[in-house]
$ cat start.tsv   # TSV, C-alpha atoms and all ligand atoms
chain	number	residue	atom	x	y	z
A	1	MET	CA	297.17	252.64	101.75
A	2	TYR	CA	298.88	249.48	103.01
A	3	MET	CA	302.00	248.07	101.35
A	4	TYR	CA	302.30	244.30	101.18
A	5	PHE	CA	304.46	241.63	99.68
A	6	SER	CA	303.17	238.14	99.08
A	7	THR	CA	304.88	234.97	98.00
A	8	PHE	CA	303.38	232.45	95.58
A	9	ILE	CA	304.22	229.34	93.59
A	10	SER	CA	307.14	230.02	91.27
A	11	GLY	CA	306.08	229.93	87.59
A	12	LEU	CA	302.64	231.47	88.15
A	13	SER	CA	303.50	235.22	88.04
A	14	SER	CA	301.19	236.18	85.17
A	15	ILE	CA	298.13	234.37	86.50
A	16	ILE	CA	298.71	235.52	90.11
A	17	GLU	CA	298.85	239.13	88.92
A	18	LEU	CA	295.46	238.67	87.22
A	19	GLN	CA	294.01	236.88	90.22
A	20	LEU	CA	295.10	239.69	92.55
A	21	LYS	CA	293.64	242.37	90.27
A	22	ASP	CA	290.37	240.42	90.07
A	23	CYS	CA	290.08	240.06	93.84
A	24	ILE	CA	291.24	243.58	94.78
A	25	PRO	CA	290.05	246.21	92.31
A	26	ASP	CA	291.97	249.07	93.98
A	27	VAL	CA	295.29	247.21	93.96
A	28	SER	CA	298.36	248.97	92.63
A	29	ILE	CA	301.01	246.44	91.71
A	30	LYS	CA	304.55	247.79	92.19
A	31	LEU	CA	306.54	244.76	91.13
A	32	VAL	CA	306.08	241.12	90.19
A	33	GLN	CA	309.02	238.78	90.15
A	34	ASP	CA	308.97	235.04	90.02
A	35	GLY	CA	307.41	233.96	93.34
A	36	ILE	CA	306.91	237.43	94.87
A	37	ILE	CA	304.56	240.36	94.28
A	38	ILE	CA	304.73	243.83	95.87
A	39	TYR	CA	301.53	245.88	95.95
A	40	SER	CA	299.53	248.53	97.75
A	41	THR	CA	295.81	248.61	98.51
A	42	ASN	CA	293.28	249.94	101.02
A	43	ILE	CA	292.38	246.39	102.02
A	44	SER	CA	293.35	245.84	105.65
A	45	PRO	CA	295.72	243.11	106.89
A	46	GLU	CA	292.74	241.23	108.43
A	47	ASP	CA	291.22	240.87	104.95
A	48	ILE	CA	294.35	240.53	102.86
A	49	VAL	CA	295.24	237.30	104.66
A	50	LYS	CA	292.05	235.73	103.27
A	51	LEU	CA	293.51	235.59	99.74
A	52	ARG	CA	293.97	231.88	99.20
A	53	PHE	CA	296.34	231.91	96.21
A	54	PHE	CA	299.35	233.21	98.15
A	55	ASN	CA	301.77	231.13	100.21
A	56	ASN	CA	302.41	233.98	102.63
A	57	THR	CA	301.65	237.68	102.91
A	58	PHE	CA	303.72	240.29	104.74
A	59	SER	CA	303.23	243.90	105.64
A	60	LEU	CA	306.18	245.60	103.91
A	61	VAL	CA	308.41	247.62	106.24
A	62	LYS	CA	311.58	248.22	104.20
A	63	THR	CA	313.09	247.37	100.81
A	64	PHE	CA	316.83	246.94	100.26
A	65	LYS	CA	317.98	247.44	96.69
A	66	ASN	CA	320.28	244.98	94.87
A	67	THR	CA	321.15	242.69	97.72
A	68	ALA	CA	323.30	239.58	97.40
A	69	THR	CA	322.76	236.62	99.71
A	70	ASP	CA	326.22	236.06	101.26
A	71	THR	CA	326.68	236.62	105.01
A	72	LYS	CA	328.36	240.01	104.45
A	73	SER	CA	325.39	241.33	102.44
A	74	ILE	CA	322.87	240.00	104.95
A	75	ASN	CA	324.82	241.63	107.81
A	76	LYS	CA	324.75	244.86	105.84
A	77	ILE	CA	320.94	244.87	105.52
A	78	ILE	CA	320.52	244.05	109.20
A	79	LYS	CA	322.85	246.97	110.02
A	80	LYS	CA	320.85	249.27	107.73
A	81	THR	CA	317.65	248.14	109.49
A	82	ILE	CA	319.09	248.95	112.92
A	83	GLU	CA	320.18	252.40	111.74
A	84	ASP	CA	316.82	253.34	110.23
A	85	LYS	CA	314.51	255.01	112.79
A	86	ASN	CA	311.55	254.71	110.40
A	87	VAL	CA	311.70	250.93	110.60
A	88	PHE	CA	310.97	250.95	114.34
A	89	TYR	CA	308.33	253.63	113.97
A	90	HIS	CA	306.53	251.48	111.36
A	91	LEU	CA	306.97	248.27	113.34
A	92	GLY	CA	305.48	250.03	116.37
A	93	LYS	CA	302.47	251.15	114.32
A	94	LYS	CA	301.92	247.96	112.30
A	95	ILE	CA	302.38	245.20	114.86
A	96	PRO	CA	299.03	244.50	116.54
A	97	LYS	CA	299.10	245.41	120.24
A	98	ASN	CA	298.19	241.90	121.43
A	99	ASN	CA	301.51	240.56	120.04
A	100	LYS	CA	304.07	240.39	122.82
A	101	SER	CA	306.91	238.32	121.37
A	102	PHE	CA	308.76	238.07	118.07
A	103	ARG	CA	311.49	236.30	116.17
A	104	ILE	CA	313.56	237.24	113.16
A	105	VAL	CA	313.43	234.93	110.13
A	106	ILE	CA	315.77	235.17	107.16
A	107	SER	CA	314.57	233.37	104.06
A	108	VAL	CA	316.90	233.04	101.09
A	109	GLY	CA	315.30	231.35	98.09
A	110	ASN	CA	312.64	229.91	100.42
A	111	ILE	CA	315.26	228.33	102.70
A	112	MET	CA	315.64	229.63	106.25
A	113	ILE	CA	319.17	230.63	107.13
A	114	SER	CA	320.80	231.59	110.44
A	115	PRO	CA	322.30	235.06	110.42
A	116	ASP	CA	325.49	236.19	112.12
A	117	LYS	CA	324.67	235.89	115.85
A	118	ASN	CA	326.09	239.30	116.84
A	119	MET	CA	324.05	241.12	114.22
A	120	LEU	CA	320.94	239.18	115.17
A	121	TYR	CA	321.34	240.06	118.87
A	122	LYS	CA	321.84	243.74	118.00
A	123	LEU	CA	318.67	243.81	115.93
A	124	GLU	CA	316.68	241.88	118.54
A	125	ASN	CA	317.87	244.27	121.27
A	126	LYS	CA	316.95	247.28	119.18
A	127	ILE	CA	313.43	245.93	118.60
A	128	THR	CA	313.03	245.00	122.28
A	129	ASP	CA	314.12	248.51	123.35
A	130	SER	CA	312.08	250.40	120.74
A	131	ILE	CA	308.76	248.62	120.72
A	132	SER	CA	308.72	246.51	123.88
A	133	LEU	CA	308.43	243.10	122.33
A	134	ARG	CA	310.38	240.21	123.80
A	135	VAL	CA	312.35	237.68	121.80
A	136	ASP	CA	310.88	234.19	121.52
A	137	ARG	CA	312.69	232.10	118.95
A	138	ALA	CA	310.46	229.05	119.49
A	139	ILE	CA	306.78	230.08	119.46
A	140	PRO	CA	306.60	233.84	118.93
A	141	ASP	CA	303.41	235.83	118.49
A	142	ILE	CA	304.83	237.44	115.38
A	143	GLU	CA	307.61	236.88	112.84
A	144	LEU	CA	309.68	239.60	111.19
A	145	TRP	CA	311.02	238.35	107.88
A	146	TYR	CA	313.88	239.25	105.60
A	147	PHE	CA	312.91	237.81	102.25
A	148	LEU	CA	315.75	237.40	99.76
A	149	ARG	CA	316.05	235.56	96.49
A	150	ARG	CA	319.06	233.53	95.36
A	151	GLU	CA	320.15	235.97	92.66
A	152	VAL	CA	321.19	239.57	93.40
A	153	SER	CA	317.88	241.44	93.64
A	154	ASP	CA	315.88	243.54	96.05
A	155	ALA	CA	315.39	242.17	99.56
A	156	TYR	CA	312.27	242.84	101.62
A	157	PHE	CA	311.76	243.20	105.36
A	158	GLY	CA	308.24	242.77	106.67
A	159	ILE	CA	305.82	241.51	109.27
A	160	ARG	CA	304.38	238.11	108.47
A	161	LEU	CA	300.58	238.32	108.45
A	162	THR	CA	299.60	234.81	107.38
A	163	ARG	CA	299.81	231.88	109.73
A	164	HIS	CA	298.93	228.34	108.90
A	165	THR	CA	299.61	225.00	110.47
A	166	GLU	CA	302.32	223.05	108.66
A	167	TYR	CA	300.70	221.39	105.64
A	168	SER	CA	302.21	218.01	106.50
A	169	LYS	CA	300.03	218.12	109.65
A	170	ILE	CA	296.71	219.11	108.04
A	171	LEU	CA	296.69	217.77	104.46
A	172	GLN	CA	296.03	214.18	103.45
A	173	LYS	CA	298.79	212.19	101.74
A	174	GLY	CA	299.14	213.42	98.14
A	175	GLU	CA	296.72	216.32	98.69
A	176	LEU	CA	297.64	219.42	96.67
A	177	HIS	CA	298.41	222.61	98.57
A	178	PRO	CA	295.38	224.94	98.86
A	179	GLU	CA	297.07	227.87	97.05
A	180	LEU	CA	297.79	225.71	93.99
A	181	VAL	CA	294.25	224.31	93.99
A	182	ASN	CA	292.85	227.83	94.27
A	183	THR	CA	294.76	228.98	91.18
A	184	LEU	CA	293.82	225.82	89.22
A	185	CYS	CA	290.15	226.55	89.91
A	186	TYR	CA	290.58	230.24	89.05
A	187	LEU	CA	292.19	229.34	85.72
A	188	SER	CA	289.04	227.46	84.74
A	189	ASP	CA	287.04	230.72	85.05
A	190	PRO	CA	284.13	229.34	87.13
A	191	GLN	CA	280.66	230.58	86.18
A	192	ILE	CA	277.38	230.21	88.07
A	193	ASN	CA	275.89	227.71	85.59
A	194	ASP	CA	278.96	225.52	85.12
A	195	ILE	CA	278.86	221.81	85.83
A	196	TYR	CA	282.31	220.68	86.97
A	197	LEU	CA	284.01	217.33	87.02
A	198	ASP	CA	287.11	216.23	88.93
A	199	PRO	CA	287.64	212.71	87.55
A	200	PHE	CA	290.65	211.94	89.83
A	201	VAL	CA	289.38	213.39	93.08
A	202	GLY	CA	291.74	211.86	95.69
A	203	SER	CA	291.39	213.87	98.91
A	204	GLY	CA	288.84	216.15	97.25
A	205	ALA	CA	291.00	219.27	97.42
A	206	ILE	CA	289.71	220.58	94.06
A	207	PRO	CA	285.93	220.25	94.62
A	208	ILE	CA	286.32	221.56	98.17
A	209	GLU	CA	288.23	224.65	97.02
A	210	LEU	CA	285.76	225.24	94.16
A	211	SER	CA	282.94	225.14	96.64
A	212	LYS	CA	284.69	227.33	99.24
A	213	SER	CA	286.04	230.08	97.00
A	214	PHE	CA	284.16	230.09	93.68
A	215	VAL	CA	280.74	229.69	92.13
A	216	CYS	CA	279.32	226.95	89.92
A	217	LYS	CA	276.10	224.93	89.56
A	218	SER	CA	277.31	221.51	90.62
A	219	ILE	CA	280.38	219.31	90.89
A	220	ILE	CA	280.87	215.64	90.11
A	221	ALA	CA	283.77	213.99	91.91
A	222	VAL	CA	285.05	210.64	90.64
A	223	ASP	CA	287.72	208.23	91.79
A	224	ILE	CA	288.45	204.63	90.87
A	225	ASP	CA	289.07	203.75	94.52
A	226	ASP	CA	285.83	203.23	96.45
A	227	SER	CA	287.41	203.90	99.87
A	228	ILE	CA	288.63	207.28	98.55
A	229	VAL	CA	285.14	208.09	97.29
A	230	GLN	CA	283.63	207.16	100.68
A	231	ARG	CA	286.19	209.35	102.50
A	232	PHE	CA	285.42	212.24	100.17
A	233	LYS	CA	281.65	211.78	100.76
A	234	ASP	CA	282.23	212.31	104.48
A	235	ARG	CA	284.46	215.32	103.86
A	236	SER	CA	282.08	217.02	101.42
A	237	GLN	CA	278.85	216.81	103.43
A	238	ASN	CA	278.58	220.50	104.30
A	239	LEU	CA	279.80	222.12	101.09
A	240	LYS	CA	277.76	225.04	99.77
A	241	ILE	CA	277.72	223.68	96.20
A	242	ASP	CA	275.90	220.49	95.23
A	243	VAL	CA	278.56	217.74	94.96
A	244	ARG	CA	277.89	214.20	93.69
A	245	SER	CA	280.63	211.62	94.17
A	246	GLU	CA	280.97	208.33	92.29
A	247	CYS	CA	283.34	205.43	92.06
A	248	MET	CA	284.19	205.07	88.35
A	249	ASP	CA	287.08	204.51	86.01
A	250	SER	CA	287.64	207.90	84.42
A	251	LEU	CA	288.85	206.29	81.23
A	252	ASN	CA	285.27	205.10	80.80
A	253	LEU	CA	282.82	207.48	82.48
A	254	ALA	CA	279.81	205.40	81.48
A	255	ASN	CA	277.43	207.26	83.85
A	256	LEU	CA	278.17	210.62	82.25
A	257	LYS	CA	276.40	211.58	79.04
A	258	ASN	CA	278.02	213.13	75.96
A	259	ASN	CA	278.40	216.95	76.20
A	260	SER	CA	277.12	216.97	79.81
A	261	MET	CA	280.00	218.84	81.56
A	262	ASN	CA	281.34	222.39	81.17
A	263	LYS	CA	284.64	222.28	83.04
A	264	ILE	CA	287.16	219.74	84.23
A	265	VAL	CA	289.77	220.67	86.84
A	266	THR	CA	291.93	217.76	87.80
A	267	ASP	CA	295.21	216.17	88.86
A	268	PRO	CA	295.51	212.70	87.30
A	269	PRO	CA	297.97	210.03	88.53
A	270	TRP	CA	301.58	211.04	87.98
A	271	GLY	CA	302.81	207.50	87.30
A	272	ILE	CA	305.22	207.83	90.26
A	273	ASN	CA	303.49	206.57	93.40
A	274	ILE	CA	299.89	206.46	92.21
A	275	GLY	CA	299.74	204.69	88.83
A	276	LYS	CA	303.39	203.62	88.65
A	277	ASP	CA	302.42	200.55	86.60
A	278	LEU	CA	300.40	202.60	84.11
A	279	ASN	CA	301.33	203.06	80.49
A	280	LEU	CA	300.93	206.83	80.82
A	281	GLU	CA	300.79	207.44	77.07
A	282	ILE	CA	297.79	205.15	76.63
A	283	PHE	CA	296.29	206.48	79.87
A	284	TYR	CA	296.55	210.13	78.75
A	285	LYS	CA	295.06	209.34	75.34
A	286	GLN	CA	292.05	207.44	76.70
A	287	MET	CA	291.52	210.07	79.38
A	288	LEU	CA	291.56	212.95	76.88
A	289	LEU	CA	289.20	211.19	74.46
A	290	GLU	CA	286.78	210.54	77.32
A	291	PHE	CA	287.04	214.19	78.41
A	292	PHE	CA	286.28	215.22	74.83
A	293	ARG	CA	283.17	213.06	74.77
A	294	ILE	CA	281.64	214.37	77.99
A	295	LEU	CA	282.57	218.05	77.62
A	296	ASP	CA	280.15	220.46	76.02
A	297	VAL	CA	281.00	222.88	73.20
A	298	ASN	CA	283.40	225.50	74.73
A	299	GLY	CA	284.35	222.96	77.41
A	300	VAL	CA	287.53	223.74	79.34
A	301	ILE	CA	290.06	221.45	81.00
A	302	VAL	CA	292.57	222.65	83.61
A	303	ILE	CA	294.93	219.83	84.35
A	304	LEU	CA	298.08	219.36	86.43
A	305	ILE	CA	300.49	217.00	84.71
A	306	GLY	CA	303.64	215.30	86.01
A	307	ASN	CA	304.95	214.00	82.68
A	308	LYS	CA	304.71	217.08	80.44
A	309	GLU	CA	306.61	215.68	77.46
A	310	LEU	CA	304.44	212.60	77.14
A	311	PHE	CA	301.26	214.58	77.71
A	312	GLU	CA	302.17	217.13	75.04
A	313	ASN	CA	302.98	214.32	72.57
A	314	VAL	CA	299.53	212.86	73.13
A	315	LEU	CA	297.89	216.28	72.84
A	316	ASN	CA	299.74	216.96	69.59
A	317	LYS	CA	298.35	213.75	68.12
A	318	LEU	CA	294.84	214.89	69.13
A	319	TYR	CA	295.33	218.36	67.63
A	320	SER	CA	291.92	218.41	65.94
A	321	PHE	CA	290.14	217.85	69.31
A	322	PHE	CA	291.97	220.22	71.67
A	323	LYS	CA	293.66	223.58	71.80
A	324	ILE	CA	296.12	224.65	74.53
A	325	ILE	CA	295.11	228.09	75.83
A	326	ASP	CA	297.72	228.51	78.59
A	327	GLN	CA	300.59	226.52	79.99
A	328	TYR	CA	302.63	227.07	83.19
A	329	ASN	CA	305.69	225.24	84.46
A	330	ILE	CA	305.85	224.79	88.22
A	331	LEU	CA	307.35	222.56	90.89
A	332	VAL	CA	305.07	220.42	93.05
A	333	SER	CA	306.87	218.98	96.10
A	334	GLY	CA	310.14	219.60	94.26
A	335	LYS	CA	309.00	217.73	91.13
A	336	LYS	CA	308.60	219.40	87.75
A	337	ALA	CA	304.99	219.69	86.65
A	338	GLY	CA	302.89	221.54	84.11
A	339	ILE	CA	299.51	223.19	84.35
A	340	TYR	CA	297.57	223.15	81.09
A	341	LYS	CA	294.44	225.06	80.27
A	342	ILE	CA	292.88	223.40	77.25
A	343	SER	CA	289.71	224.02	75.30
A	344	VAL	CA	287.82	221.41	73.32
A	345	MET	CA	287.11	222.08	69.67
A	346	LYS	CA	283.65	220.77	68.87
B	401	LIG	C1	297.17	212.47	91.96
B	401	LIG	S1	295.80	211.80	92.80
B	401	LIG	C2	294.71	213.15	92.98
B	401	LIG	C3	295.07	213.99	94.15
B	401	LIG	C4	294.08	215.10	94.42
B	401	LIG	N1	294.16	216.15	93.44
B	401	LIG	C5	294.31	215.67	95.81
B	401	LIG	O1	294.68	216.86	95.97
B	401	LIG	O2	294.14	214.92	96.78
B	401	LIG	C6	295.05	210.84	91.56
B	401	LIG	C7	293.79	210.09	91.98
B	401	LIG	O3	293.28	209.43	90.81
B	401	LIG	C8	292.73	208.17	91.19
B	401	LIG	N2	292.74	207.33	89.97
B	401	LIG	C9	293.76	206.65	89.40
B	401	LIG	N3	293.35	206.06	88.25
B	401	LIG	C10	292.06	206.39	88.08
B	401	LIG	C11	291.10	206.10	87.07
B	401	LIG	N4	291.38	205.37	86.02
B	401	LIG	N5	289.87	206.65	87.21
B	401	LIG	C12	289.54	207.40	88.30
B	401	LIG	N6	290.42	207.69	89.29
B	401	LIG	C13	291.65	207.20	89.17
B	401	LIG	C14	293.60	207.69	92.31
B	401	LIG	O4	292.88	206.77	93.14
B	401	LIG	C15	293.96	209.00	93.03
B	401	LIG	O5	293.05	209.23	94.09
$ encode --input "start.tsv" --output "structure tokens"
Amino acid sequence: MYMYFSTFISGLSSIIELQLKDCIPDVSIKLVQDGIIIYSTNISPEDIVKLRFFNNTFSLVKTFKNTATDTKSINKIIKKTIEDKNVFYHLGKKIPKNNKSFRIVISVGNIMISPDKNMLYKLENKITDSISLRVDRAIPDIELWYFLRREVSDAYFGIRLTRHTEYSKILQKGELHPELVNTLCYLSDPQINDIYLDPFVGSGAIPIELSKSFVCKSIIAVDIDDSIVQRFKDRSQNLKIDVRSECMDSLNLANLKNNSMNKIVTDPPWGINIGKDLNLEIFYKQMLLEFFRILDVNGVIVILIGNKELFENVLNKLYSFFKIIDQYNILVSGKKAGIYKISVMK
């Protein structure tokens, strides 16, 4: 059995737990706290890193109970690491042989902090002596992480398994992070015969993730901006699911027939950069009524919303058309947002 800890978007604990159980039937979940899950499974590190709903996954080496986040407490856990022979035995076994260099990372509440230099040197020396890795603080082959949260709680020490290029370098402007998109799609419970719509497609992150990681019959991708639709057409040429893209106003989806869609997963304008001149209340109402028209009986909407209060007001007024099934509060690029799973009542 391998022991792992993975980090995920804060606010999504309950759905991430389900998603993990769905993907890994033999998983044994030891602990779920907001933003972190500890679990064991027979799935190897090479395969565990393929789970797309986590930010990062680590091979767990040691847990430190009830740790605070001040320098003294962090020094203490580094000292305990140095004194524990098992740590170096496990590092020696778990670090793939082709990795020659390492660095230590200390993350407190998702912010990297610099530890006391003396303690850091002692730990680095101990690792260098025990498992013949050299220190490279710039571009190491492997990172060894202490993961702590802001409140007093358990701290975890592990080997980082996931590696991805900084999102700012690979994602388009305004494109949602892949792990969030993956969970939005999962929430909609994709089925082989479903016809999906993303009426505010932007970069295309949602249809692309649906096609990469889930099943469905076809996807319709809509945006009001023709240049965005053209860009998405280029990006979606080799997807495994049939995708049709159209330039339309999603408040009036004239080309789509009544009851013709099963699922909508989408991220409408937030009224901040995109749509800052919109009257969001009117926009949400027209959008929801149009969604109601085109969705079939049992239709489902999974929607990411920037202005939760306004959106819920509009939904309340349309109480005979929609029912909220689930709601999650998250932060997207530091801004409060809500994910809503809604069913239509036809
Ligand atoms: C928040 S962005 C979507 C971002 C997308 N989820 C991504 O990850 O790239 C909203 C998109 O809705 C489009 N949009 C705004 N008003 C629209 C309307 N009335 N109908 C269709 N698309 C619209 C914008 O052009 C923009 O691309």
$ residues_near_ligand --input "start.tsv" --ligand "ligand LIG 401 (chain B)" --cutoff "10 Å" --atoms "only C-alpha atoms and all ligand atoms" --output "PyMOL selection string"
chain A and resi 171-178+180-181+198-208+221-229+232+246-253+265-275+278+283+286-287+303-306
$ atom_distance --input "start.tsv" --atom1 "atom CA of Tyr156 of chain A" --atom2 "atom CA of Lys62 of chain A"
6.0 Å
$ residues_near_point --input "start.tsv" --point "(302.3, 240.3, 111.2)" --cutoff "7 Å" --atoms "all atoms listed in the file" --output "list in words"
Phe58, Ser59, Ile95, Ile142, Glu143, Ile159, Arg160 and Leu161 of chain A
$ closest_residue --input "start.tsv" --among "A:Lys50, A:Lys117, A:Lys93, A:Arg149" --to "Gln33 of chain A" --atoms "all atoms listed in the file"
A:Arg149
$ closest_residue --input "start.tsv" --among "A:Ile192, A:Leu148, A:Ile48, A:Ile241" --to "Thr162 of chain A" --atoms "all atoms listed in the file"
A:Ile48
$ closest_residue --input "start.tsv" --among "A:Leu289, A:Tyr2, A:His90, A:Ser333" --to "Ser168 of chain A" --atoms "all atoms listed in the file"
A:Ser333
$ atom_distance --input "start.tsv" --atom1 "atom CA of Lys76 of chain A" --atom2 "atom CA of Tyr121 of chain A"
14.3 Å
$ build_atoms --input "start.tsv" --residues "segment 284-302 of chain A" --atoms "N, CA and C atoms" --output "PDB file, keeping the file's coordinate frame"
ATOM      1  N   TYR A 284     296.861 208.734  79.118  1.00  0.00           N
ATOM      2  CA  TYR A 284     296.550 210.130  78.750  1.00  0.00           C
ATOM      3  C   TYR A 284     295.612 210.170  77.543  1.00  0.00           C
ATOM      4  N   LYS A 285     295.876 209.299  76.567  1.00  0.00           N
ATOM      5  CA  LYS A 285     295.060 209.340  75.340  1.00  0.00           C
ATOM      6  C   LYS A 285     293.610 208.972  75.651  1.00  0.00           C
ATOM      7  N   GLN A 286     293.426 207.866  76.394  1.00  0.00           N
ATOM      8  CA  GLN A 286     292.050 207.440  76.700  1.00  0.00           C
ATOM      9  C   GLN A 286     291.331 208.487  77.555  1.00  0.00           C
ATOM     10  N   MET A 287     292.101 209.052  78.490  1.00  0.00           N
ATOM     11  CA  MET A 287     291.520 210.070  79.380  1.00  0.00           C
ATOM     12  C   MET A 287     291.051 211.274  78.552  1.00  0.00           C
ATOM     13  N   LEU A 288     291.911 211.749  77.657  1.00  0.00           N
ATOM     14  CA  LEU A 288     291.560 212.950  76.880  1.00  0.00           C
ATOM     15  C   LEU A 288     290.368 212.680  75.957  1.00  0.00           C
ATOM     16  N   LEU A 289     290.329 211.486  75.367  1.00  0.00           N
ATOM     17  CA  LEU A 289     289.200 211.190  74.460  1.00  0.00           C
ATOM     18  C   LEU A 289     287.883 211.124  75.248  1.00  0.00           C
ATOM     19  N   GLU A 290     287.980 210.602  76.483  1.00  0.00           N
ATOM     20  CA  GLU A 290     286.780 210.540  77.320  1.00  0.00           C
ATOM     21  C   GLU A 290     286.356 211.952  77.748  1.00  0.00           C
ATOM     22  N   PHE A 291     287.347 212.795  78.051  1.00  0.00           N
ATOM     23  CA  PHE A 291     287.040 214.190  78.410  1.00  0.00           C
ATOM     24  C   PHE A 291     286.351 214.871  77.213  1.00  0.00           C
ATOM     25  N   PHE A 292     286.855 214.596  76.024  1.00  0.00           N
ATOM     26  CA  PHE A 292     286.280 215.220  74.830  1.00  0.00           C
ATOM     27  C   PHE A 292     284.813 214.819  74.682  1.00  0.00           C
ATOM     28  N   ARG A 293     284.545 213.553  74.933  1.00  0.00           N
ATOM     29  CA  ARG A 293     283.170 213.060  74.770  1.00  0.00           C
ATOM     30  C   ARG A 293     282.201 213.746  75.742  1.00  0.00           C
ATOM     31  N   ILE A 294     282.605 213.871  76.997  1.00  0.00           N
ATOM     32  CA  ILE A 294     281.640 214.370  77.990  1.00  0.00           C
ATOM     33  C   ILE A 294     281.567 215.892  78.063  1.00  0.00           C
ATOM     34  N   LEU A 295     282.584 216.575  77.528  1.00  0.00           N
ATOM     35  CA  LEU A 295     282.570 218.050  77.620  1.00  0.00           C
ATOM     36  C   LEU A 295     281.680 218.641  76.535  1.00  0.00           C
ATOM     37  N   ASP A 296     281.031 219.731  76.928  1.00  0.00           N
ATOM     38  CA  ASP A 296     280.150 220.460  76.020  1.00  0.00           C
ATOM     39  C   ASP A 296     280.999 221.325  75.072  1.00  0.00           C
ATOM     40  N   VAL A 297     280.335 221.890  74.044  1.00  0.00           N
ATOM     41  CA  VAL A 297     281.000 222.880  73.200  1.00  0.00           C
ATOM     42  C   VAL A 297     281.568 223.964  74.140  1.00  0.00           C
ATOM     43  N   ASN A 298     282.723 224.507  73.864  1.00  0.00           N
ATOM     44  CA  ASN A 298     283.400 225.500  74.730  1.00  0.00           C
ATOM     45  C   ASN A 298     283.875 224.898  76.059  1.00  0.00           C
ATOM     46  N   GLY A 299     283.881 223.595  76.171  1.00  0.00           N
ATOM     47  CA  GLY A 299     284.350 222.960  77.410  1.00  0.00           C
ATOM     48  C   GLY A 299     285.817 223.297  77.663  1.00  0.00           C
ATOM     49  N   VAL A 300     286.157 223.366  78.953  1.00  0.00           N
ATOM     50  CA  VAL A 300     287.530 223.740  79.340  1.00  0.00           C
ATOM     51  C   VAL A 300     288.094 222.695  80.306  1.00  0.00           C
ATOM     52  N   ILE A 301     289.365 222.371  80.088  1.00  0.00           N
ATOM     53  CA  ILE A 301     290.060 221.450  81.000  1.00  0.00           C
ATOM     54  C   ILE A 301     291.231 222.215  81.626  1.00  0.00           C
ATOM     55  N   VAL A 302     291.347 222.162  82.955  1.00  0.00           N
ATOM     56  CA  VAL A 302     292.570 222.650  83.610  1.00  0.00           C
ATOM     57  C   VAL A 302     293.168 221.435  84.297  1.00  0.00           C
TER      58      VAL A 302
END
